[in-house]
$ cat start_25.pdb   # PDB, C-alpha atoms
MODEL        1
ATOM      1  CA  MET A 270       2.015   9.185 -13.469
ATOM      2  CA  ALA A 271       0.743   6.165 -11.560
ATOM      3  CA  THR A 272      -2.882   5.015 -11.451
ATOM      4  CA  TRP A 273      -5.071   2.604  -9.499
ATOM      5  CA  ASP A 274      -4.533   0.135 -12.351
ATOM      6  CA  ASP A 275      -0.801   0.119 -11.456
ATOM      7  CA  VAL A 276      -1.719  -0.588  -7.834
ATOM      8  CA  ARG A 277      -4.077  -3.371  -8.916
ATOM      9  CA  ALA A 278      -1.444  -4.948 -11.190
ATOM     10  CA  ALA A 279       1.088  -4.981  -8.347
ATOM     11  CA  ALA A 280      -1.312  -6.274  -5.694
ATOM     12  CA  GLN A 281      -3.015  -9.013  -7.699
ATOM     13  CA  GLY A 282       0.171 -11.038  -7.931
ATOM     14  CA  LEU A 283       0.794 -11.124  -4.195
ATOM     15  CA  PRO A 284      -0.071 -14.260  -2.193
ATOM     16  CA  MET A 285      -3.371 -14.099  -0.319
ATOM     17  CA  ALA A 286      -4.131 -10.553  -1.565
ATOM     18  CA  SER A 287      -7.690  -9.886  -2.612
ATOM     19  CA  GLU A 288      -9.436  -6.830  -3.965
ATOM     20  CA  TYR A 289     -12.682  -5.816  -2.301
ATOM     21  CA  ASP A 290     -15.132  -2.984  -1.915
ATOM     22  CA  HIS A 291     -14.471  -0.948   1.239
ATOM     23  CA  MET A 292     -17.353   1.447   1.849
ATOM     24  CA  GLY A 293     -17.787   2.042  -1.860
ATOM     25  CA  GLU A 294     -14.043   2.356  -2.557
ATOM     26  CA  ARG A 295     -11.569  -0.106  -4.033
ATOM     27  CA  ALA A 296      -9.121  -1.747  -1.622
ATOM     28  CA  PHE A 297      -6.801  -4.723  -1.157
ATOM     29  CA  ARG A 298      -6.409  -6.896   1.911
ATOM     30  CA  VAL A 299      -4.919 -10.117   3.220
ATOM     31  CA  GLY A 300      -7.603 -11.916   5.169
ATOM     32  CA  THR A 301      -9.309  -9.118   7.111
ATOM     33  CA  LYS A 302      -6.323  -6.754   7.137
ATOM     34  CA  GLY A 303      -6.191  -3.993   4.546
ATOM     35  CA  PHE A 304      -2.940  -2.753   3.064
ATOM     36  CA  VAL A 305      -3.900  -0.303   0.311
ATOM     37  CA  GLN A 306      -7.152   1.439  -0.518
ATOM     38  CA  MET A 307      -8.747   4.314  -2.324
ATOM     39  CA  TYR A 308     -10.431   6.898  -0.129
ATOM     40  CA  ARG A 309     -12.198   9.904  -1.598
ATOM     41  CA  GLU A 310     -10.069   9.780  -4.749
ATOM     42  CA  ARG A 311      -6.865   9.450  -2.732
ATOM     43  CA  VAL A 312      -4.806   6.386  -1.903
ATOM     44  CA  VAL A 313      -3.722   5.212   1.529
ATOM     45  CA  MET A 314      -1.044   2.555   2.079
ATOM     46  CA  LYS A 315       0.121   0.751   5.199
ATOM     47  CA  LEU A 316       3.851   1.330   4.831
ATOM     48  CA  GLU A 317       6.585   0.355   7.277
ATOM     49  CA  ARG A 318       6.742   2.945  10.065
ATOM     50  CA  HIS A 319      10.390   4.056   9.650
ATOM     51  CA  HIS A 320      10.069   4.208   5.877
ATOM     52  CA  GLN A 321       6.905   6.300   6.273
ATOM     53  CA  GLU A 322       8.752   8.827   8.415
ATOM     54  CA  LEU A 323      11.523   9.083   5.842
ATOM     55  CA  LEU A 324       9.036   9.575   3.011
ATOM     56  CA  PHE A 325       7.066  12.194   4.957
ATOM     57  CA  GLU A 326      10.267  14.193   5.393
ATOM     58  CA  ALA A 327      11.891  13.623   2.005
ATOM     59  CA  ARG A 328       8.807  13.757  -0.233
ATOM     60  CA  PRO A 329       6.037  15.637   1.613
ATOM     61  CA  ASP A 330       4.417  16.592  -1.695
ATOM     62  CA  ILE A 331       3.656  12.894  -2.326
ATOM     63  CA  PHE A 332       3.531  11.194   1.107
ATOM     64  CA  SER A 333       1.762  12.456   4.222
ATOM     65  CA  PRO A 334       0.525  10.860   7.458
ATOM     66  CA  MET A 335      -2.985   9.463   7.712
ATOM     67  CA  VAL A 336      -3.902   8.654  11.298
ATOM     68  CA  ALA A 337      -7.100   6.858  12.268
ATOM     69  CA  GLY A 338      -7.121   6.060  15.948
ATOM     70  CA  ALA A 339      -4.101   3.879  16.662
ATOM     71  CA  LEU A 340      -3.581   3.178  12.962
ATOM     72  CA  ARG A 341      -0.969   5.121  11.037
ATOM     73  CA  TRP A 342      -1.073   4.879   7.277
ATOM     74  CA  SER A 343       0.356   7.007   4.460
ATOM     75  CA  TRP A 344      -1.560   9.210   2.072
ATOM     76  CA  VAL A 345       0.044   8.721  -1.338
ATOM     77  CA  ASP A 346      -0.472  11.073  -4.266
ATOM     78  CA  LEU A 347      -0.508   8.460  -7.030
ATOM     79  CA  GLU A 348      -0.541  11.040  -9.790
ATOM     80  CA  ALA A 349       2.782  12.415  -8.530
ATOM     81  CA  LEU A 350       4.443   8.965  -8.514
ATOM     82  CA  ASP A 351       6.122   7.245 -11.408
ATOM     83  CA  ALA A 352       4.336   3.977 -12.219
ATOM     84  CA  GLU A 353       7.640   2.139 -11.633
ATOM     85  CA  GLU A 354       7.520   3.105  -7.918
ATOM     86  CA  VAL A 355       4.146   1.489  -7.279
ATOM     87  CA  PRO A 356       5.105  -2.213  -7.139
ATOM     88  CA  GLY A 357       7.679  -1.658  -4.391
ATOM     89  CA  LEU A 358       5.294   0.398  -2.290
ATOM     90  CA  VAL A 359       2.451  -2.096  -2.710
ATOM     91  CA  LEU A 360       4.798  -4.964  -1.809
ATOM     92  CA  GLU A 361       5.909  -3.106   1.332
ATOM     93  CA  ALA A 362       2.305  -2.414   2.341
ATOM     94  CA  TRP A 363       1.328  -6.046   1.725
ATOM     95  CA  ALA A 364       4.272  -7.282   3.819
ATOM     96  CA  GLN A 365       2.977  -5.249   6.788
ATOM     97  CA  VAL A 366      -0.192  -7.362   7.002
ATOM     98  CA  ALA A 367       0.653 -10.706   5.356
ATOM     99  CA  PRO A 368       1.557 -13.586   7.676
ATOM    100  CA  LYS A 369       5.336 -13.474   8.212
ATOM    101  CA  LYS A 370       5.706 -17.047   6.975
ATOM    102  CA  VAL A 371       4.054 -16.044   3.688
ATOM    103  CA  SER A 372       5.899 -12.722   3.261
ATOM    104  CA  ARG A 373       9.294 -14.300   4.028
ATOM    105  CA  ALA A 374       8.676 -17.137   1.564
ATOM    106  CA  TYR A 375       7.656 -14.614  -1.078
ATOM    107  CA  ALA A 376      10.733 -12.460  -0.424
ATOM    108  CA  ASN A 377      13.026 -15.505  -0.632
ATOM    109  CA  ARG A 378      11.594 -16.923  -3.876
ATOM    110  CA  SER A 379      14.043 -17.540  -6.664
TER
ENDMDL
END
$ encode --input "start_25.pdb" --output "structure tokens"
Amino acid sequence: MATWDDVRAAAQGLPMASEYDHMGERAFRVGTKGFVQMYRERVVMKLERHHQELLFEARPDIFSPMVAGALRWSWVDLEALDAEEVPGLVLEAWAQVAPKKVSRAYANRS
């Protein structure tokens, strides 16, 4: 079972990521762009669009769409995830908002 502490551990090591309070909830962003946050005891992540669609279909018990205006995020049931899955999902969410120069450099590190 994954927890917010697993999310925090994965996000804190990413370049330019910072934790902040978003309307009384914990969240992470790069600059002004959020990529993962708690919302009413649930977690939303900004995952890559095609991967989201796959997850919604393959694992609907864990991943479901969260739409807010033009934004499309993913509800993620952290308690249903293995902790080992969290770093990859957080990295994917971060890469959606991090400057491409930064995310590419991070992906290509040795």
$ residues_near_point --input "start_25.pdb" --point "(-4.3, -12.3, -3.7)" --cutoff "12 Å" --atoms "all atoms listed in the file" --output "list in words"
Arg277, Ala278, Ala279, Ala280, Gln281, Gly282, Leu283, Pro284, Met285, Ala286, Ser287, Glu288, Tyr289, Ala296, Phe297, Arg298, Val299, Gly300, Gly303, Phe304, Leu360, Trp363, Ala367 and Val371 of chain A
$ closest_residue --input "start_25.pdb" --among "A:Gln321, A:Ser372, A:Gln365, A:Gln306" --to "Trp273 of chain A" --atoms "only C-alpha atoms"
A:Gln306
$ atom_distance --input "start_25.pdb" --atom1 "atom CA of Ile331 of chain A" --atom2 "atom CA of Leu350 of chain A"
7.4 Å
$ atom_distance --input "start_25.pdb" --atom1 "atom CA of Lys302 of chain A" --atom2 "atom CA of Val345 of chain A"
18.8 Å
$ closest_residue --input "start_25.pdb" --among "A:Asp290, A:Asp330, A:Glu317, A:Glu353" --to "Asp275 of chain A" --atoms "all atoms listed in the file"
A:Glu353
$ atom_distance --input "start_25.pdb" --atom1 "atom CA of Ala376 of chain A" --atom2 "atom CA of Ala352 of chain A"
21.2 Å
$ residues_around --input "start_25.pdb" --residues "Arg311 of chain A" --least-positions-apart "3" --cutoff "8 Å" --atoms "only C-alpha atoms" --output "PyMOL selection string"
chain A and resi 307-308+344-347
$ axis_aligned_box --input "start_25.pdb" --around "segment 345-351 of chain A" --padding-each-side "8 Å" --output "AutoDock Vina command-line options"
--center_x 2.8 --center_y 9.8 --center_z -6.4 --size_x 22.7 --size_y 21.2 --size_z 26.1
$ closest_residue --input "start_25.pdb" --among "A:Lys369, A:Glu310, A:Val276, A:His319" --to "Val355 of chain A" --atoms "all atoms listed in the file"
A:Val276
